[in-house]
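Participant: Sharing input-v4.cif here; it has mmCIF, C-alpha atoms.
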data_run
#
loop_
_atom_site.label_atom_id
_atom_site.label_comp_id
_atom_site.auth_asym_id
_atom_site.auth_seq_id
_atom_site.Cartn_x
_atom_site.Cartn_y
_atom_site.Cartn_z
CA MET P 1 -230.52 -38.03 250.63
CA THR P 2 -232.07 -35.57 248.20
CA GLU P 3 -231.92 -35.87 244.41
CA SER P 4 -229.26 -33.14 244.17
CA ASN P 5 -226.63 -34.72 246.40
CA GLY P 6 -226.82 -38.35 245.27
CA PRO P 7 -223.71 -40.33 244.26
CA ILE P 8 -223.62 -39.02 240.67
CA HIS P 9 -223.83 -35.39 241.85
CA VAL P 10 -220.82 -35.86 244.15
CA CYS P 11 -219.02 -37.69 241.32
CA MET P 12 -219.70 -34.96 238.73
CA GLU P 13 -218.58 -32.21 241.12
CA ARG P 14 -215.26 -34.04 241.36
CA TRP P 15 -215.10 -34.66 237.57
CA GLN P 16 -215.49 -30.90 236.98
CA GLN P 17 -212.72 -30.23 239.53
CA HIS P 18 -210.54 -32.72 237.64
CA LEU P 19 -211.21 -30.98 234.30
CA ARG P 20 -210.02 -27.72 235.88
CA GLY P 21 -206.87 -29.50 237.15
CA LYS P 22 -207.99 -28.92 240.76
CA LEU P 23 -208.75 -32.45 241.99
CA ASP P 24 -206.22 -33.89 244.45
CA GLY P 25 -205.19 -37.30 243.13
CA GLY P 26 -206.61 -36.63 239.65
CA LEU P 27 -208.19 -39.59 237.84
CA ASP P 28 -207.02 -42.00 240.59
CA ALA P 29 -209.42 -40.23 242.95
CA LEU P 30 -212.30 -40.52 240.46
CA LEU P 31 -212.09 -43.94 238.81
CA HIS P 32 -213.01 -47.28 240.39
CA PRO P 33 -210.14 -49.82 239.99
CA ASP P 34 -212.45 -51.99 237.83
CA VAL P 35 -213.80 -49.11 235.71
CA VAL P 36 -214.73 -49.94 232.09
CA PHE P 37 -214.22 -47.52 229.19
CA LEU P 38 -216.46 -47.79 226.10
CA SER P 39 -214.90 -46.00 223.15
CA PRO P 40 -216.84 -44.24 220.37
CA ILE P 41 -214.73 -46.20 217.85
CA VAL P 42 -214.00 -49.66 219.23
CA PHE P 43 -216.53 -52.36 220.15
CA THR P 44 -214.44 -54.14 222.81
CA PRO P 45 -214.85 -52.72 226.35
CA GLN P 46 -211.53 -51.45 227.77
CA GLU P 47 -211.33 -52.87 231.30
CA GLY P 48 -209.50 -51.48 234.32
CA ILE P 49 -208.21 -48.17 235.62
CA ASP P 50 -204.89 -48.16 233.72
CA VAL P 51 -206.33 -48.46 230.21
CA THR P 52 -209.23 -46.11 231.10
CA LYS P 53 -206.76 -43.45 232.29
CA LEU P 54 -204.85 -43.86 229.03
CA TYR P 55 -208.02 -43.37 226.94
CA LEU P 56 -209.31 -40.41 228.99
CA THR P 57 -205.91 -38.72 228.81
CA ALA P 58 -205.77 -39.28 225.03
CA ALA P 59 -209.35 -38.00 224.69
CA GLY P 60 -208.46 -34.90 226.72
CA GLY P 61 -205.53 -34.24 224.39
CA THR P 62 -207.61 -34.81 221.26
CA LEU P 63 -210.94 -33.20 222.23
CA GLY P 64 -209.63 -30.45 224.50
CA GLY P 65 -209.97 -28.03 221.60
CA GLU P 66 -207.50 -25.57 220.21
CA PRO P 67 -206.88 -22.21 221.88
CA ASP P 68 -209.07 -19.50 220.36
CA GLU P 69 -207.41 -17.47 217.62
CA ALA P 70 -208.59 -14.10 216.36
CA GLY P 71 -211.40 -14.72 213.90
CA SER P 72 -211.29 -18.49 214.38
CA GLY P 73 -214.72 -18.65 215.96
CA GLY P 74 -213.42 -20.28 219.10
CA GLY P 75 -213.32 -24.06 219.41
CA GLY P 76 -212.66 -24.90 223.07
CA PHE P 77 -214.29 -27.92 224.71
CA GLY P 78 -217.52 -27.21 226.57
CA TYR P 79 -220.45 -29.17 227.97
CA THR P 80 -223.76 -28.06 226.40
CA LYS P 81 -226.22 -30.27 228.30
CA GLN P 82 -226.01 -32.16 231.61
CA ILE P 83 -228.51 -34.63 233.02
CA LEU P 84 -227.82 -36.34 236.35
CA GLN P 85 -229.95 -39.02 237.96
CA GLY P 86 -229.20 -41.68 240.57
CA HIS P 87 -225.95 -43.33 239.49
CA HIS P 88 -225.89 -41.99 235.91
CA ALA P 89 -224.81 -38.78 234.19
CA MET P 90 -225.17 -37.68 230.57
CA LEU P 91 -222.88 -34.81 229.60
CA GLU P 92 -223.24 -33.59 226.02
CA PHE P 93 -220.30 -31.61 224.65
CA GLU P 94 -219.16 -29.61 221.65
CA THR P 95 -215.61 -28.93 220.57
CA THR P 96 -213.48 -28.36 217.49
CA VAL P 97 -210.72 -30.64 216.20
CA GLU P 98 -208.60 -29.38 213.30
CA GLY P 99 -211.25 -26.79 212.59
CA LYS P 100 -214.07 -29.39 212.38
CA TYR P 101 -217.15 -29.43 214.63
CA VAL P 102 -217.36 -32.35 217.06
CA ASN P 103 -220.53 -33.13 219.08
CA GLY P 104 -220.39 -35.89 221.65
CA VAL P 105 -221.70 -37.34 224.86
CA ASP P 106 -220.07 -38.76 227.99
CA ILE P 107 -222.36 -41.32 229.64
CA ILE P 108 -220.97 -41.95 233.11
CA THR P 109 -222.01 -44.46 235.79
CA CYS P 110 -220.76 -44.36 239.40
CA ASP P 111 -221.08 -46.58 242.46
CA ASP P 112 -222.59 -45.62 245.84
CA ASP P 113 -219.31 -43.92 246.80
CA GLY P 114 -219.33 -41.73 243.68
CA MET P 115 -216.44 -43.60 242.03
CA ILE P 116 -216.78 -43.95 238.23
CA THR P 117 -217.45 -47.57 237.22
CA GLU P 118 -218.26 -46.99 233.53
CA PHE P 119 -217.28 -44.22 231.09
CA ARG P 120 -218.94 -44.39 227.68
CA VAL P 121 -218.36 -41.91 224.84
CA MET P 122 -220.25 -41.37 221.58
CA ILE P 123 -219.52 -38.78 218.89
CA ARG P 124 -221.27 -37.28 215.85
CA PRO P 125 -221.27 -36.51 212.94
CA LEU P 126 -219.43 -39.18 210.92
CA GLN P 127 -216.75 -36.71 209.76
CA ALA P 128 -215.91 -35.99 213.42
CA ILE P 129 -215.64 -39.68 214.27
CA ASN P 130 -213.19 -40.34 211.46
CA LEU P 131 -211.09 -37.34 212.53
CA VAL P 132 -211.11 -38.27 216.24
CA HIS P 133 -210.30 -41.88 215.29
CA ALA P 134 -207.10 -40.80 213.51
CA GLN P 135 -206.08 -38.37 216.27
CA MET P 136 -206.80 -40.79 219.16
CA LYS P 137 -204.72 -43.47 217.41
CA ALA P 138 -201.72 -41.13 217.19
CA MET P 139 -202.24 -39.90 220.77
CA LEU P 140 -202.50 -43.45 222.21
CA GLU P 141 -199.32 -44.47 220.37
CA SER P 142 -197.40 -41.50 221.76
CA LEU P 143 -198.75 -42.04 225.32
CA SER P 144 -198.06 -45.77 225.44
CA GLY P 145 -194.82 -45.72 223.41
CA MET C 1 -244.93 -30.04 239.93
CA THR C 2 -242.70 -32.82 241.18
CA GLU C 3 -239.58 -34.07 239.40
CA SER C 4 -241.38 -37.17 238.14
CA ASN C 5 -244.21 -35.48 236.25
CA GLY C 6 -242.32 -32.65 234.53
CA PRO C 7 -242.63 -32.00 230.77
CA ILE C 8 -240.01 -34.59 229.77
CA HIS C 9 -241.71 -37.31 231.84
CA VAL C 10 -245.05 -36.69 230.09
CA CYS C 11 -243.20 -36.58 226.76
CA MET C 12 -241.35 -39.87 227.34
CA GLU C 13 -244.53 -41.64 228.46
CA ARG C 14 -246.01 -40.69 225.07
CA TRP C 15 -242.80 -41.66 223.21
CA GLN C 16 -242.99 -45.15 224.74
CA GLN C 17 -246.68 -45.38 223.73
CA HIS C 18 -245.65 -44.40 220.18
CA LEU C 19 -242.95 -47.11 220.08
CA ARG C 20 -245.61 -49.67 221.01
CA GLY C 21 -247.86 -48.29 218.23
CA LYS C 22 -250.41 -47.14 220.81
CA LEU C 23 -250.23 -43.34 220.58
CA ASP C 24 -253.22 -41.68 218.90
CA GLY C 25 -251.87 -39.40 216.17
CA GLY C 26 -248.42 -41.03 216.20
CA LEU C 27 -245.43 -38.75 215.63
CA ASP C 28 -247.73 -35.79 214.83
CA ALA C 29 -248.88 -35.89 218.46
CA LEU C 30 -245.27 -35.93 219.73
CA LEU C 31 -243.22 -33.59 217.54
CA HIS C 32 -243.28 -29.79 217.64
CA PRO C 33 -243.83 -28.34 214.12
CA ASP C 34 -240.36 -26.72 214.31
CA VAL C 35 -238.57 -29.82 215.71
CA VAL C 36 -234.93 -30.27 214.69
CA PHE C 37 -233.34 -33.69 214.03
CA LEU C 38 -229.59 -34.13 214.55
CA SER C 39 -228.35 -37.26 212.76
CA PRO C 40 -225.47 -39.47 213.94
CA ILE C 41 -224.01 -39.19 210.41
CA VAL C 42 -224.73 -35.73 209.01
CA PHE C 43 -223.57 -32.37 210.43
CA THR C 44 -226.42 -30.23 209.07
CA PRO C 45 -229.46 -30.01 211.39
CA GLN C 46 -232.64 -31.34 209.71
CA GLU C 47 -235.33 -28.76 210.41
CA GLY C 48 -239.08 -29.23 210.67
CA ILE C 49 -241.59 -31.96 211.41
CA ASP C 50 -241.72 -33.48 207.89
CA VAL C 51 -238.00 -34.27 207.57
CA THR C 52 -237.82 -35.34 211.24
CA LYS C 53 -240.68 -37.82 210.72
CA LEU C 54 -238.85 -39.17 207.66
CA TYR C 55 -235.62 -39.71 209.64
CA LEU C 56 -237.35 -41.23 212.68
CA THR C 57 -239.33 -43.60 210.46
CA ALA C 58 -236.15 -44.61 208.61
CA ALA C 59 -234.32 -45.06 211.93
CA GLY C 60 -237.17 -47.22 213.23
CA GLY C 61 -236.90 -49.40 210.11
CA THR C 62 -233.11 -49.64 210.37
CA LEU C 63 -232.58 -49.94 214.14
CA GLY C 64 -235.77 -51.80 215.03
CA GLY C 65 -233.79 -55.02 215.09
CA GLU C 66 -234.50 -58.32 213.44
CA PRO C 67 -236.96 -60.80 214.93
CA ASP C 68 -235.23 -63.32 217.17
CA GLU C 69 -234.35 -66.59 215.49
CA ALA C 70 -233.48 -69.82 217.27
CA GLY C 71 -229.85 -69.60 218.32
CA SER C 72 -229.42 -66.09 216.92
CA GLY C 73 -228.85 -64.52 220.32
CA GLY C 74 -231.74 -62.13 219.86
CA GLY C 75 -231.13 -58.63 218.54
CA GLY C 76 -234.29 -56.59 219.13
CA PHE C 77 -234.15 -52.88 219.95
CA GLY C 78 -234.19 -52.05 223.66
CA TYR C 79 -233.40 -49.07 225.90
CA THR C 80 -230.66 -49.91 228.43
CA LYS C 81 -230.46 -46.63 230.37
CA GLN C 82 -232.88 -43.71 230.78
CA ILE C 83 -232.19 -40.37 232.45
CA LEU C 84 -234.89 -37.70 232.55
CA GLN C 85 -234.51 -34.19 233.92
CA GLY C 86 -236.44 -30.99 233.32
CA HIS C 87 -236.83 -30.68 229.53
CA HIS C 88 -234.21 -33.29 228.57
CA ALA C 89 -234.07 -37.06 228.25
CA MET C 90 -231.17 -39.38 227.52
CA LEU C 91 -232.20 -42.85 226.35
CA GLU C 92 -229.33 -45.25 225.68
CA PHE C 93 -230.15 -48.24 223.47
CA GLU C 94 -228.72 -51.46 222.10
CA THR C 95 -229.81 -53.31 218.99
CA THR C 96 -228.48 -55.51 216.21
CA VAL C 97 -228.30 -54.62 212.51
CA GLU C 98 -227.28 -57.37 210.07
CA GLY C 99 -225.94 -59.34 213.03
CA LYS C 100 -223.72 -56.47 214.24
CA TYR C 101 -224.00 -54.83 217.68
CA VAL C 102 -225.22 -51.22 217.69
CA ASN C 103 -225.09 -49.01 220.83
CA GLY C 104 -226.64 -45.57 220.66
CA VAL C 105 -228.30 -42.73 222.47
CA ASP C 106 -231.39 -40.61 221.83
CA ILE C 107 -230.99 -37.15 223.39
CA ILE C 108 -234.43 -35.55 223.39
CA THR C 109 -235.53 -32.03 224.35
CA CYS C 110 -239.16 -31.00 224.80
CA ASP C 111 -241.02 -27.74 225.43
CA ASP C 112 -243.28 -26.92 228.41
CA ASP C 113 -246.14 -28.81 226.75
CA GLY C 114 -244.07 -31.99 226.37
CA MET C 115 -243.74 -31.63 222.58
CA ILE C 116 -240.34 -32.73 221.21
CA THR C 117 -238.33 -29.75 219.92
CA GLU C 118 -234.99 -31.53 219.35
CA PHE C 119 -234.12 -35.17 218.63
CA ARG C 120 -230.40 -35.97 218.56
CA VAL C 121 -228.93 -39.43 217.91
CA MET C 122 -225.38 -40.75 218.38
CA ILE C 123 -224.13 -44.29 217.70
CA ARG C 124 -221.07 -46.40 218.50
CA PRO C 125 -218.85 -48.23 217.65
CA LEU C 126 -217.49 -47.06 214.26
CA GLN C 127 -218.47 -50.34 212.54
CA ALA C 128 -222.10 -49.75 213.61
CA ILE C 129 -222.09 -46.19 212.27
CA ASN C 130 -220.88 -47.28 208.86
CA LEU C 131 -223.53 -50.00 208.73
CA VAL C 132 -226.37 -47.71 209.89
CA HIS C 133 -225.17 -45.06 207.42
CA ALA C 134 -225.60 -47.46 204.47
CA GLN C 135 -228.96 -48.79 205.70
CA MET C 136 -230.41 -45.33 206.49
CA LYS C 137 -229.44 -44.10 203.03
CA ALA C 138 -231.31 -46.97 201.38
CA MET C 139 -234.30 -46.53 203.73
CA LEU C 140 -234.54 -42.76 203.13
CA GLU C 141 -234.42 -43.30 199.35
CA SER C 142 -237.23 -45.85 199.52
CA LEU C 143 -239.36 -43.65 201.84
CA SER C 144 -238.95 -40.43 199.84
CA GLY C 145 -238.92 -42.02 196.39
#
What does this structure look like when you write it as structure tokens?
Facilitator:
Amino acid sequence: MTESNGPIHVCMERWQQHLRGKLDGGLDALLHPDVVFLSPIVFTPQEGIDVTKLYLTAAGGTLGGEPDEAGSGGGGFGYTKQILQGHHAMLEFETTVEGKYVNGVDIITCDDDGMITEFRVMIRPLQAINLVHAQMKAMLESLSG
Amino acid sequence: MTESNGPIHVCMERWQQHLRGKLDGGLDALLHPDVVFLSPIVFTPQEGIDVTKLYLTAAGGTLGGEPDEAGSGGGGFGYTKQILQGHHAMLEFETTVEGKYVNGVDIITCDDDGMITEFRVMIRPLQAINLVHAQMKAMLESLSG
């Protein structure tokens, strides 16, 4: 097995397919049943596929970025840096939420089969965290309500 | 050049020496003169070696962790995950500040000579950011005052 087709490379190929809406089975085909989600806001690990799907769906709705408008300077979600090694990936991203710059990182761990076992998110700067906090709260309430 | 002795591997070897206080020249031997520091708190990039040294020294003082006390459960700074590739490194860490858990990531970029050109830090959860924010402010005032 070479460095470029290890478990995390297979996993990230599938994650990118998912982000484009092209992965058969969606998150169910990507997440280990016992996956753990570590939120940028909350200390307590969120355990299991159901709650992780809820958080990732809410994050997609919050961080997906607004459609570009003329003169708005863009704002769509995009990865700016990707480092893959062994069972770990670090994907740095930039996006815009309510016109404010958000910079973050997805730190992803997979098992030997390329299934995601841990999904950890951090965000900067502080202004972005407070904004995402408020938006995620509203999004989680609407998804689970 | 193999994957394991690229610029970022040389750079990280020296960074670890610096953290142990064993690098001749200290941060001056690690940081490019035009290095940029991206804070977990502040949006505006901090440009140049002088301000970056100030921030990294303050961060070391804040995040270094308290000495272990009997029954305290420890709390020293330690890297929990490291991914190196090409010119980029992702170093995830855990530490304790005033008894509170802090989880963060250093995202470091170097040039072909292994000199650090960008140092980006993110922290979670929200409680940790607010705590580090207050401590860094006090530390920066004492260092620059």
Participant: For C:Tyr55, find every residue with an atom within 12 Å (counting only C-alpha atoms), except residues of its own chain fewer than 2 positions away, and show them as a ChimeraX atom specification.
Facilitator: /C:27,35-42,45-53,57-63,119-121,133,135-144
Participant: Find, counting all atoms listed in the file, the residue in P:Gln127, P:Met115, P:Gln85, P:Pro33 that gets nearest to C:Ser4.
Facilitator: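 Counting all atoms listed in the file, the residue closest to C:Ser4 is P:Gln85.
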Participant: May I ask which of the residues C:Ile108, C:Arg124, C:Leu56, C:Trp15 is the closest one to P:Lys81, counting all atoms listed in the file?
Facilitator: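 The closest residue to P:Lys81 is C:Ile108.
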Participant: So what do you get for atom CA of P:Cys110 versus atom CA of P:Gly64, distance-wise?
Facilitator: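 Computing it gives 23.2 Å between the two atoms.
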Participant: Work out how far atom CA of P:Ile8 is from atom CA of C:Asp111, in Å to one decimal.
Facilitator: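 Value for the atom CA of C:Asp111-atom CA of P:Ile8 distance: 25.7 Å.
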Participant: Quick one: which residues end up in the PyMOL selection byres ((chain C and resi 93) around 12) for this structure, as a list in words?
Facilitator: Leu63, Gly64, Gly65, Gly75, Gly76, Phe77, Gly78, Tyr79, Thr80, Lys81, Gln82, Met90, Leu91, Glu92, Glu94, Thr95, Thr96, Tyr101, Val102, Asn103, Gly104, Val105, Asp106, Ile107, Val121, Met122, Ile123 and Arg124 of chain C
Participant: So, counting only C-alpha atoms, which residue among C:Val97, C:Ala134, C:Leu54, C:Leu126 is closest to chain P?
Facilitator: C:Leu126
Participant: In terms of the shortest atom-to-atom distance over only C-alpha atoms, which of C:Gly21, C:Gly6, C:Gly114, C:Pro125 is closest to chain P?
Facilitator: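 Counting only C-alpha atoms, the residue closest to chain P is C:Pro125.
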Participant: Please supply stretch 118-140 of chain P, rebuilt with N, CA and C atoms, as a JSON list (two decimals), keeping the file's coordinate frame.
Facilitator:
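Once written, out28.json looks like this:
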[["chain", "number", "residue", "atom", "x", "y", "z"],
["P", 118, "GLU", "N", -218.15, -46.85, 234.99],
["P", 118, "GLU", "CA", -218.26, -46.99, 233.53],
["P", 118, "GLU", "C", -218.21, -45.62, 232.90],
["P", 119, "PHE", "N", -217.42, -45.49, 231.81],
["P", 119, "PHE", "CA", -217.28, -44.22, 231.09],
["P", 119, "PHE", "C", -217.45, -44.54, 229.61],
["P", 120, "ARG", "N", -218.56, -44.06, 229.05],
["P", 120, "ARG", "CA", -218.94, -44.39, 227.68],
["P", 120, "ARG", "C", -218.98, -43.11, 226.85],
["P", 121, "VAL", "N", -218.41, -43.12, 225.67],
["P", 121, "VAL", "CA", -218.36, -41.91, 224.84],
["P", 121, "VAL", "C", -218.92, -42.21, 223.45],
["P", 122, "MET", "N", -219.78, -41.30, 222.97],
["P", 122, "MET", "CA", -220.25, -41.37, 221.58],
["P", 122, "MET", "C", -220.04, -40.01, 220.94],
["P", 123, "ILE", "N", -219.84, -40.01, 219.62],
["P", 123, "ILE", "CA", -219.52, -38.78, 218.89],
["P", 123, "ILE", "C", -220.29, -38.73, 217.58],
["P", 124, "ARG", "N", -220.66, -37.53, 217.15],
["P", 124, "ARG", "CA", -221.27, -37.28, 215.85],
["P", 124, "ARG", "C", -220.70, -35.99, 215.29],
["P", 125, "PRO", "N", -220.83, -35.63, 214.03],
["P", 125, "PRO", "CA", -221.27, -36.51, 212.94],
["P", 125, "PRO", "C", -220.13, -37.43, 212.47],
["P", 126, "LEU", "N", -220.39, -38.18, 211.40],
["P", 126, "LEU", "CA", -219.43, -39.18, 210.92],
["P", 126, "LEU", "C", -218.05, -38.58, 210.65],
["P", 127, "GLN", "N", -218.02, -37.39, 210.05],
["P", 127, "GLN", "CA", -216.75, -36.71, 209.76],
["P", 127, "GLN", "C", -215.92, -36.53, 211.04],
["P", 128, "ALA", "N", -216.60, -36.20, 212.14],
["P", 128, "ALA", "CA", -215.91, -35.99, 213.42],
["P", 128, "ALA", "C", -215.35, -37.30, 213.95],
["P", 129, "ILE", "N", -216.10, -38.38, 213.78],
["P", 129, "ILE", "CA", -215.64, -39.68, 214.27],
["P", 129, "ILE", "C", -214.38, -40.11, 213.55],
["P", 130, "ASN", "N", -214.37, -39.94, 212.23],
["P", 130, "ASN", "CA", -213.19, -40.34, 211.46],
["P", 130, "ASN", "C", -211.97, -39.52, 211.86],
["P", 131, "LEU", "N", -212.18, -38.23, 212.12],
["P", 131, "LEU", "CA", -211.09, -37.34, 212.53],
["P", 131, "LEU", "C", -210.57, -37.72, 213.92],
["P", 132, "VAL", "N", -211.50, -37.92, 214.86],
["P", 132, "VAL", "CA", -211.11, -38.27, 216.24],
["P", 132, "VAL", "C", -210.43, -39.65, 216.25],
["P", 133, "HIS", "N", -210.91, -40.55, 215.41],
["P", 133, "HIS", "CA", -210.30, -41.88, 215.29],
["P", 133, "HIS", "C", -208.80, -41.76, 214.97],
["P", 134, "ALA", "N", -208.49, -40.97, 213.94],
["P", 134, "ALA", "CA", -207.10, -40.80, 213.51],
["P", 134, "ALA", "C", -206.26, -40.14, 214.61],
["P", 135, "GLN", "N", -206.83, -39.11, 215.24],
["P", 135, "GLN", "CA", -206.08, -38.37, 216.27],
["P", 135, "GLN", "C", -205.87, -39.21, 217.53],
["P", 136, "MET", "N", -206.91, -39.96, 217.95],
["P", 136, "MET", "CA", -206.80, -40.79, 219.16],
["P", 136, "MET", "C", -205.73, -41.87, 218.95],
["P", 137, "LYS", "N", -205.70, -42.43, 217.74],
["P", 137, "LYS", "CA", -204.72, -43.47, 217.41],
["P", 137, "LYS", "C", -203.29, -42.93, 217.61],
["P", 138, "ALA", "N", -203.05, -41.75, 217.07],
["P", 138, "ALA", "CA", -201.72, -41.13, 217.19],
["P", 138, "ALA", "C", -201.41, -40.81, 218.65],
["P", 139, "MET", "N", -202.43, -40.30, 219.37],
["P", 139, "MET", "CA", -202.24, -39.90, 220.77],
["P", 139, "MET", "C", -201.97, -41.13, 221.65],
["P", 140, "LEU", "N", -202.71, -42.23, 221.42],
["P", 140, "LEU", "CA", -202.50, -43.45, 222.21],
["P", 140, "LEU", "C", -201.11, -44.03, 221.95]]
